[in-house]
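**Q** Supplied structure: input-v2.cif, mmCIF, N, CA and C atoms.
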data_upload
#
loop_
_atom_site.label_atom_id
_atom_site.label_comp_id
_atom_site.auth_asym_id
_atom_site.auth_seq_id
_atom_site.Cartn_x
_atom_site.Cartn_y
_atom_site.Cartn_z
N MET A 1 125.68 265.35 58.89
CA MET A 1 125.28 264.73 57.63
C MET A 1 124.89 265.77 56.59
N GLN A 2 124.41 266.93 57.04
CA GLN A 2 124.03 267.98 56.09
C GLN A 2 125.24 268.47 55.31
N LEU A 3 126.39 268.56 55.98
CA LEU A 3 127.59 269.02 55.28
C LEU A 3 128.02 268.03 54.21
N ILE A 4 127.89 266.75 54.51
CA ILE A 4 128.22 265.74 53.50
C ILE A 4 127.27 265.86 52.31
N GLN A 5 125.99 265.98 52.60
CA GLN A 5 124.99 266.11 51.54
C GLN A 5 125.24 267.36 50.70
N ARG A 6 125.50 268.47 51.35
CA ARG A 6 125.76 269.71 50.62
C ARG A 6 127.03 269.60 49.78
N GLY A 7 128.05 268.95 50.34
CA GLY A 7 129.28 268.75 49.60
C GLY A 7 129.07 267.89 48.37
N GLN A 8 128.29 266.83 48.52
CA GLN A 8 128.01 265.95 47.39
C GLN A 8 127.18 266.66 46.32
N GLU A 9 126.22 267.45 46.75
CA GLU A 9 125.40 268.21 45.79
C GLU A 9 126.27 269.20 45.02
N ALA A 10 127.12 269.92 45.72
CA ALA A 10 127.99 270.89 45.07
C ALA A 10 128.94 270.19 44.10
N SER A 11 129.49 269.08 44.52
CA SER A 11 130.42 268.33 43.67
C SER A 11 129.72 267.81 42.42
N SER A 12 128.50 267.32 42.57
CA SER A 12 127.78 266.79 41.40
C SER A 12 127.43 267.90 40.41
N GLN A 13 127.42 269.15 40.87
CA GLN A 13 127.17 270.31 40.00
C GLN A 13 128.48 270.94 39.53
N ASN A 14 129.60 270.23 39.77
CA ASN A 14 130.93 270.73 39.42
C ASN A 14 131.28 272.03 40.13
N ARG A 15 130.71 272.24 41.28
CA ARG A 15 131.03 273.41 42.11
C ARG A 15 132.03 272.94 43.17
N PHE A 16 133.23 272.64 42.68
CA PHE A 16 134.22 271.96 43.51
C PHE A 16 134.73 272.81 44.67
N SER A 17 134.89 274.10 44.47
CA SER A 17 135.37 274.97 45.56
C SER A 17 134.37 274.98 46.71
N LEU A 18 133.10 275.04 46.38
CA LEU A 18 132.06 275.01 47.40
C LEU A 18 132.05 273.66 48.11
N ALA A 19 132.16 272.60 47.34
CA ALA A 19 132.18 271.25 47.92
C ALA A 19 133.36 271.11 48.88
N LEU A 20 134.52 271.60 48.48
CA LEU A 20 135.70 271.53 49.35
C LEU A 20 135.47 272.30 50.65
N ARG A 21 134.83 273.45 50.56
CA ARG A 21 134.53 274.21 51.79
C ARG A 21 133.65 273.40 52.73
N HIS A 22 132.66 272.71 52.18
CA HIS A 22 131.78 271.89 53.03
C HIS A 22 132.57 270.76 53.71
N TYR A 23 133.42 270.10 52.95
CA TYR A 23 134.18 268.98 53.51
C TYR A 23 135.21 269.45 54.53
N HIS A 24 135.86 270.58 54.28
CA HIS A 24 136.80 271.11 55.26
C HIS A 24 136.07 271.55 56.53
N ALA A 25 134.87 272.10 56.38
CA ALA A 25 134.06 272.48 57.54
C ALA A 25 133.68 271.25 58.35
N LEU A 26 133.39 270.17 57.66
CA LEU A 26 133.05 268.92 58.34
C LEU A 26 134.21 268.44 59.21
N ILE A 27 135.41 268.47 58.65
CA ILE A 27 136.61 268.06 59.39
C ILE A 27 136.83 268.97 60.59
N GLU A 28 136.64 270.27 60.39
CA GLU A 28 136.86 271.23 61.46
C GLU A 28 135.83 271.09 62.58
N ARG A 29 134.59 270.87 62.22
CA ARG A 29 133.51 270.82 63.22
C ARG A 29 133.42 269.49 63.96
N PHE A 30 133.86 268.41 63.31
CA PHE A 30 133.73 267.08 63.91
C PHE A 30 135.07 266.33 63.91
N PRO A 31 136.09 266.90 64.55
CA PRO A 31 137.42 266.28 64.50
C PRO A 31 137.51 264.91 65.18
N ASP A 32 136.53 264.57 66.00
CA ASP A 32 136.56 263.29 66.71
C ASP A 32 135.64 262.24 66.10
N ASN A 33 134.94 262.58 65.03
CA ASN A 33 134.03 261.64 64.39
C ASN A 33 134.77 261.00 63.21
N ILE A 34 135.27 259.81 63.41
CA ILE A 34 136.13 259.17 62.41
C ILE A 34 135.37 258.88 61.10
N TYR A 35 134.09 258.61 61.17
CA TYR A 35 133.33 258.40 59.95
C TYR A 35 133.33 259.68 59.10
N PHE A 36 133.00 260.82 59.74
CA PHE A 36 132.97 262.09 59.02
C PHE A 36 134.34 262.45 58.47
N ILE A 37 135.39 262.22 59.26
CA ILE A 37 136.74 262.54 58.82
C ILE A 37 137.10 261.71 57.58
N CYS A 38 136.86 260.41 57.64
CA CYS A 38 137.18 259.54 56.49
C CYS A 38 136.34 259.91 55.28
N ALA A 39 135.07 260.18 55.49
CA ALA A 39 134.19 260.56 54.38
C ALA A 39 134.68 261.85 53.74
N ALA A 40 135.00 262.84 54.55
CA ALA A 40 135.46 264.13 54.02
C ALA A 40 136.79 263.98 53.31
N GLU A 41 137.72 263.24 53.90
CA GLU A 41 139.03 263.05 53.27
C GLU A 41 138.89 262.32 51.93
N TYR A 42 138.01 261.32 51.88
CA TYR A 42 137.78 260.62 50.63
C TYR A 42 137.20 261.57 49.58
N GLU A 43 136.18 262.32 49.95
CA GLU A 43 135.52 263.21 49.00
C GLU A 43 136.48 264.30 48.50
N ILE A 44 137.31 264.82 49.38
CA ILE A 44 138.30 265.83 48.97
C ILE A 44 139.26 265.22 47.95
N ALA A 45 139.77 264.04 48.24
CA ALA A 45 140.69 263.37 47.31
C ALA A 45 139.98 263.11 45.97
N PHE A 46 138.72 262.71 46.03
CA PHE A 46 137.98 262.41 44.81
C PHE A 46 137.76 263.68 43.97
N ILE A 47 137.57 264.81 44.62
CA ILE A 47 137.43 266.07 43.89
C ILE A 47 138.72 266.36 43.12
N TYR A 48 139.86 266.17 43.76
CA TYR A 48 141.13 266.38 43.05
C TYR A 48 141.25 265.42 41.86
N TYR A 49 140.78 264.21 42.05
CA TYR A 49 140.79 263.23 40.96
C TYR A 49 139.90 263.73 39.81
N ARG A 50 138.70 264.15 40.13
CA ARG A 50 137.77 264.62 39.10
C ARG A 50 138.29 265.86 38.38
N ARG A 51 139.03 266.69 39.09
CA ARG A 51 139.60 267.89 38.48
C ARG A 51 140.82 267.57 37.61
N GLY A 52 141.29 266.34 37.68
CA GLY A 52 142.44 265.96 36.88
C GLY A 52 143.77 266.19 37.56
N ASN A 53 143.75 266.58 38.83
CA ASN A 53 144.98 266.76 39.59
C ASN A 53 145.33 265.41 40.23
N LEU A 54 145.86 264.52 39.40
CA LEU A 54 146.07 263.14 39.82
C LEU A 54 147.13 263.01 40.90
N GLU A 55 148.15 263.84 40.86
CA GLU A 55 149.19 263.75 41.88
C GLU A 55 148.65 264.11 43.26
N GLU A 56 147.90 265.20 43.34
CA GLU A 56 147.31 265.59 44.62
C GLU A 56 146.29 264.55 45.08
N ALA A 57 145.51 264.03 44.16
CA ALA A 57 144.55 262.98 44.50
C ALA A 57 145.27 261.77 45.06
N ARG A 58 146.36 261.35 44.39
CA ARG A 58 147.12 260.19 44.85
C ARG A 58 147.62 260.41 46.29
N ILE A 59 148.18 261.58 46.54
CA ILE A 59 148.69 261.88 47.88
C ILE A 59 147.57 261.78 48.91
N ARG A 60 146.45 262.37 48.60
CA ARG A 60 145.33 262.38 49.56
C ARG A 60 144.73 260.99 49.76
N PHE A 61 144.60 260.22 48.69
CA PHE A 61 144.10 258.85 48.86
C PHE A 61 145.09 258.02 49.69
N ASN A 62 146.36 258.19 49.42
CA ASN A 62 147.37 257.44 50.20
C ASN A 62 147.37 257.86 51.67
N ASN A 63 147.16 259.15 51.94
CA ASN A 63 147.06 259.60 53.33
C ASN A 63 145.86 258.98 54.03
N LEU A 64 144.76 258.89 53.31
CA LEU A 64 143.57 258.25 53.88
C LEU A 64 143.84 256.77 54.12
N LEU A 65 144.44 256.10 53.16
CA LEU A 65 144.73 254.67 53.31
C LEU A 65 145.71 254.41 54.44
N ALA A 66 146.58 255.35 54.74
CA ALA A 66 147.53 255.18 55.84
C ALA A 66 146.80 255.04 57.18
N ARG A 67 145.63 255.61 57.29
CA ARG A 67 144.83 255.46 58.52
C ARG A 67 144.49 253.98 58.77
N TYR A 68 144.40 253.22 57.69
CA TYR A 68 143.99 251.82 57.79
C TYR A 68 145.17 250.90 58.12
N ASP A 69 146.36 251.47 58.28
CA ASP A 69 147.55 250.68 58.62
C ASP A 69 147.85 250.68 60.11
N HIS A 70 146.92 251.13 60.91
CA HIS A 70 147.12 251.20 62.36
C HIS A 70 146.30 250.12 63.05
N PRO A 71 146.69 249.77 64.27
CA PRO A 71 146.00 248.68 64.98
C PRO A 71 144.50 248.89 65.17
N ASP A 72 144.05 250.14 65.25
CA ASP A 72 142.63 250.40 65.46
C ASP A 72 141.87 250.58 64.15
N ALA A 73 142.43 250.09 63.06
CA ALA A 73 141.81 250.25 61.73
C ALA A 73 140.44 249.60 61.63
N GLU A 74 140.18 248.61 62.46
CA GLU A 74 138.87 247.96 62.39
C GLU A 74 137.74 248.90 62.81
N LEU A 75 138.09 250.02 63.42
CA LEU A 75 137.09 251.01 63.82
C LEU A 75 136.73 251.96 62.67
N LEU A 76 137.52 251.93 61.62
CA LEU A 76 137.31 252.83 60.49
C LEU A 76 136.27 252.27 59.52
N PRO A 77 135.52 253.14 58.87
CA PRO A 77 134.54 252.67 57.88
C PRO A 77 135.27 252.03 56.70
N PRO A 78 134.98 250.78 56.40
CA PRO A 78 135.73 250.05 55.38
C PRO A 78 135.51 250.54 53.95
N GLN A 79 134.38 251.15 53.66
CA GLN A 79 134.08 251.54 52.28
C GLN A 79 135.07 252.56 51.73
N PHE A 80 135.61 253.43 52.59
CA PHE A 80 136.52 254.44 52.09
C PHE A 80 137.88 253.85 51.73
N ARG A 81 138.24 252.77 52.37
CA ARG A 81 139.47 252.06 51.99
C ARG A 81 139.30 251.43 50.61
N VAL A 82 138.21 250.73 50.43
CA VAL A 82 137.94 250.05 49.16
C VAL A 82 137.83 251.06 48.02
N LEU A 83 137.07 252.12 48.23
CA LEU A 83 136.89 253.13 47.18
C LEU A 83 138.21 253.82 46.84
N SER A 84 139.01 254.12 47.85
CA SER A 84 140.31 254.76 47.62
C SER A 84 141.22 253.86 46.81
N GLU A 85 141.23 252.58 47.11
CA GLU A 85 142.06 251.64 46.36
C GLU A 85 141.62 251.55 44.90
N ILE A 86 140.32 251.59 44.67
CA ILE A 86 139.79 251.54 43.30
C ILE A 86 140.24 252.77 42.51
N VAL A 87 140.10 253.95 43.11
CA VAL A 87 140.46 255.17 42.40
C VAL A 87 141.98 255.24 42.20
N LEU A 88 142.74 254.81 43.18
CA LEU A 88 144.20 254.78 43.01
C LEU A 88 144.61 253.88 41.84
N ALA A 89 143.93 252.77 41.68
CA ALA A 89 144.21 251.89 40.54
C ALA A 89 143.89 252.61 39.23
N ARG A 90 142.82 253.37 39.19
CA ARG A 90 142.47 254.14 37.99
C ARG A 90 143.52 255.21 37.70
N ILE A 91 144.02 255.85 38.75
CA ILE A 91 145.06 256.86 38.58
C ILE A 91 146.31 256.23 38.00
N THR A 92 146.71 255.09 38.54
CA THR A 92 147.88 254.38 38.04
C THR A 92 147.70 254.00 36.58
N GLU A 93 146.52 253.52 36.24
CA GLU A 93 146.23 253.14 34.86
C GLU A 93 146.30 254.35 33.92
N ALA A 94 145.74 255.48 34.35
CA ALA A 94 145.78 256.69 33.53
C ALA A 94 147.22 257.17 33.34
N GLU A 95 148.01 257.11 34.40
CA GLU A 95 149.41 257.53 34.28
C GLU A 95 150.19 256.59 33.36
N ASN A 96 149.92 255.31 33.45
CA ASN A 96 150.59 254.35 32.56
C ASN A 96 150.20 254.59 31.11
N ASN A 97 148.95 254.89 30.87
CA ASN A 97 148.49 255.17 29.50
C ASN A 97 149.17 256.42 28.94
N ARG A 98 149.35 257.43 29.78
CA ARG A 98 150.02 258.65 29.33
C ARG A 98 151.48 258.37 28.95
N ARG A 99 152.13 257.53 29.74
CA ARG A 99 153.54 257.22 29.47
C ARG A 99 153.70 256.46 28.16
N ARG A 100 152.73 255.65 27.79
CA ARG A 100 152.79 254.85 26.57
C ARG A 100 152.63 255.69 25.32
N ARG A 101 152.04 256.84 25.45
CA ARG A 101 151.73 257.69 24.28
C ARG A 101 152.96 258.39 23.79
#
Could I get this file's structure written as structure tokens?

**A**
Amino acid sequence: MQLIQRGQEASSQNRFSLALRHYHALIERFPDNIYFICAAEYEIAFIYYRRGNLEEARIRFNNLLARYDHPDAELLPPQFRVLSEIVLARITEAENNRRRR
């Protein structure tokens, strides 16, 4: 949980590289903890979104959402699915607005 907290603190201070290191460390240290994996994958995707790298964010959110398409999806934390879908909708809206200009 400390890595998640540190990652969130770094991200809120726009220290994205540091935040990414914390989230990647979380994935590396706890590869069998599905909550930590989903949380880290969501936060990494969200950092790309905040940085304006919408294509990379889209890819990462879609990769996270693909986890929820398997039979054992009920074991996954539901909040990351909902949050990913919300941000993906925002990305689609932003891309549509750019095309209209």

**Q** Given the PyMOL selection byres (((chain A and resi 60 and name CA) around 8) and name CA) and the file above, list the residues it selects as a PyMOL selection string.

**A** chain A and resi 41-42+44-45+56-59+61-64

**Q** With distances taken over only C-alpha atoms, which residue among A:Ser17, A:Asn97, A:Thr92, A:Gln5 lies nearest A:Tyr48?

**A**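 For A:Tyr48, the nearest of the given residues is A:Ser17.
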
**Q** Report, in Å to a single decimal, how far apart atom C of A:Phe80 and atom CA of A:Arg6 are.

**A**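 We find that atom CA of A:Arg6 and atom C of A:Phe80 lie 20.0 Å from each other.
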
**Q** Calculate how many Å separate atom C of A:Asn96 from atom N of A:Arg51, rounding to one decimal.

**A**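 If I compute the distance from atom C of A:Asn96 to atom N of A:Arg51, I get 18.3 Å.
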
**Q** Can you tell me, as a PyMOL selection string, which residues in chain A count as alpha helix (DSSP H) by DSSP?

**A** chain A and resi 2-12+16-29+34-50+54-66+78-100

**Q** When you draw a straight line from atom CA of A:Gly52 to atom CA of A:Ala94, how long is it in Å?

**A**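 Calculated distance between atom CA of A:Gly52 and atom CA of A:Ala94 is 10.4 Å.
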
**Q** Rank A:Ala40, A:Ile27, A:Ile34, A:Ala19 by their smallest atom-to-atom distance to A:Pro77, using all atoms listed in the file, and report the top residue only.

**A**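 Between A:Ala40, A:Ile27, A:Ile34, A:Ala19, the residue approaching A:Pro77 most closely is A:Ile34.
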
**Q** Point out the residue among A:Pro71, A:Ala25, A:Asn53, A:Arg99 with the least atom-to-atom distance to A:Ile37, counting only C-alpha atoms.

**A**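 Between A:Pro71, A:Ala25, A:Asn53, A:Arg99, the residue approaching A:Ile37 most closely is A:Ala25.
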
**Q** When you write chain A out from the block above, keep C-alpha atoms and present the result as a tab-separated table (two decimals), in the first residue's frame, please.

**A**
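Ended up saving to result-v1.tsv:
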chain	number	residue	atom	x	y	z
A	1	MET	CA	0.00	0.00	0.00
A	2	GLN	CA	2.94	2.35	0.58
A	3	LEU	CA	3.91	2.13	-3.09
A	4	ILE	CA	0.39	3.08	-4.13
A	5	GLN	CA	0.40	6.01	-1.70
A	6	ARG	CA	3.82	7.18	-2.85
A	7	GLY	CA	2.77	6.86	-6.48
A	8	GLN	CA	-0.37	8.90	-5.87
A	9	GLU	CA	1.57	11.57	-3.99
A	10	ALA	CA	4.14	11.85	-6.77
A	11	SER	CA	1.43	11.98	-9.42
A	12	SER	CA	-0.49	14.70	-7.58
A	13	GLN	CA	2.75	16.75	-7.57
A	14	ASN	CA	3.13	16.16	-11.34
A	15	ARG	CA	6.21	14.03	-10.67
A	16	PHE	CA	5.06	11.49	-13.20
A	17	SER	CA	8.37	9.67	-13.74
A	18	LEU	CA	8.65	9.01	-10.03
A	19	ALA	CA	5.02	7.90	-9.85
A	20	LEU	CA	5.58	5.49	-12.73
A	21	ARG	CA	8.59	3.99	-10.95
A	22	HIS	CA	6.46	3.35	-7.87
A	23	TYR	CA	3.69	1.68	-9.89
A	24	HIS	CA	6.11	-0.46	-11.90
A	25	ALA	CA	7.78	-1.51	-8.63
A	26	LEU	CA	4.38	-2.48	-7.29
A	27	ILE	CA	3.76	-4.73	-10.30
A	28	GLU	CA	7.22	-6.25	-9.99
A	29	ARG	CA	7.03	-6.90	-6.25
A	30	PHE	CA	3.46	-8.20	-6.10
A	31	PRO	CA	2.82	-10.04	-9.39
A	32	ASP	CA	0.20	-12.30	-7.77
A	33	ASN	CA	-1.84	-9.58	-6.05
A	34	ILE	CA	-4.56	-8.78	-8.58
A	35	TYR	CA	-5.74	-5.71	-6.68
A	36	PHE	CA	-2.26	-4.15	-6.76
A	37	ILE	CA	-1.79	-5.09	-10.42
A	38	CYS	CA	-5.10	-3.52	-11.46
A	39	ALA	CA	-4.48	-0.44	-9.34
A	40	ALA	CA	-1.00	0.05	-10.77
A	41	GLU	CA	-2.12	-0.55	-14.35
A	42	TYR	CA	-4.96	1.94	-13.92
A	43	GLU	CA	-2.69	4.58	-12.39
A	44	ILE	CA	-0.07	4.13	-15.12
A	45	ALA	CA	-2.72	4.54	-17.83
A	46	PHE	CA	-4.10	7.60	-16.02
A	47	ILE	CA	-0.65	9.20	-15.92
A	48	TYR	CA	-0.41	8.85	-19.70
A	49	TYR	CA	-3.86	10.43	-19.93
A	50	ARG	CA	-2.83	13.35	-17.70
A	51	ARG	CA	0.33	13.84	-19.75
A	52	GLY	CA	-1.78	14.14	-22.88
A	53	ASN	CA	-0.52	10.92	-24.46
A	54	LEU	CA	-4.04	9.80	-25.29
A	55	GLU	CA	-3.06	6.97	-27.62
A	56	GLU	CA	-0.84	5.29	-25.03
A	57	ALA	CA	-3.48	5.88	-22.36
A	58	ARG	CA	-6.14	4.30	-24.60
A	59	ILE	CA	-3.96	1.23	-25.18
A	60	ARG	CA	-3.26	0.80	-21.48
A	61	PHE	CA	-6.88	1.30	-20.41
A	62	ASN	CA	-8.00	-1.21	-23.04
A	63	ASN	CA	-5.38	-3.70	-21.84
A	64	LEU	CA	-6.68	-3.31	-18.30
A	65	LEU	CA	-10.29	-3.71	-19.45
A	66	ALA	CA	-9.34	-6.89	-21.33
A	67	ARG	CA	-8.69	-8.48	-17.93
A	68	TYR	CA	-12.41	-8.11	-17.24
A	69	ASP	CA	-13.34	-10.19	-20.31
A	70	HIS	CA	-12.25	-13.47	-18.74
A	71	PRO	CA	-14.34	-15.96	-16.76
A	72	ASP	CA	-12.62	-15.06	-13.47
A	73	ALA	CA	-13.37	-11.34	-13.87
A	74	GLU	CA	-15.58	-11.37	-10.79
A	75	LEU	CA	-12.37	-11.67	-8.76
A	76	LEU	CA	-11.09	-8.35	-10.08
A	77	PRO	CA	-11.71	-5.05	-8.28
A	78	PRO	CA	-14.68	-3.50	-10.11
A	79	GLN	CA	-13.72	0.16	-9.58
A	80	PHE	CA	-10.84	0.01	-12.06
A	81	ARG	CA	-13.16	-1.20	-14.79
A	82	VAL	CA	-15.62	1.62	-14.17
A	83	LEU	CA	-12.91	4.28	-13.91
A	84	SER	CA	-11.17	3.03	-17.07
A	85	GLU	CA	-14.43	3.17	-19.02
A	86	ILE	CA	-15.04	6.74	-17.83
A	87	VAL	CA	-11.59	7.93	-18.88
A	88	LEU	CA	-11.82	6.11	-22.22
A	89	ALA	CA	-15.06	7.97	-22.91
A	90	ARG	CA	-13.27	11.26	-22.14
A	91	ILE	CA	-10.45	10.31	-24.51
A	92	THR	CA	-12.94	9.53	-27.27
A	93	GLU	CA	-14.70	12.84	-26.66
A	94	ALA	CA	-11.41	14.77	-26.79
A	95	GLU	CA	-10.40	13.04	-30.01
A	96	ASN	CA	-13.79	13.78	-31.57
A	97	ASN	CA	-13.50	17.45	-30.58
A	98	ARG	CA	-10.07	17.66	-32.21
A	99	ARG	CA	-11.40	16.18	-35.44
A	100	ARG	CA	-14.21	18.77	-35.57
A	101	ARG	CA	-11.79	21.69	-35.39
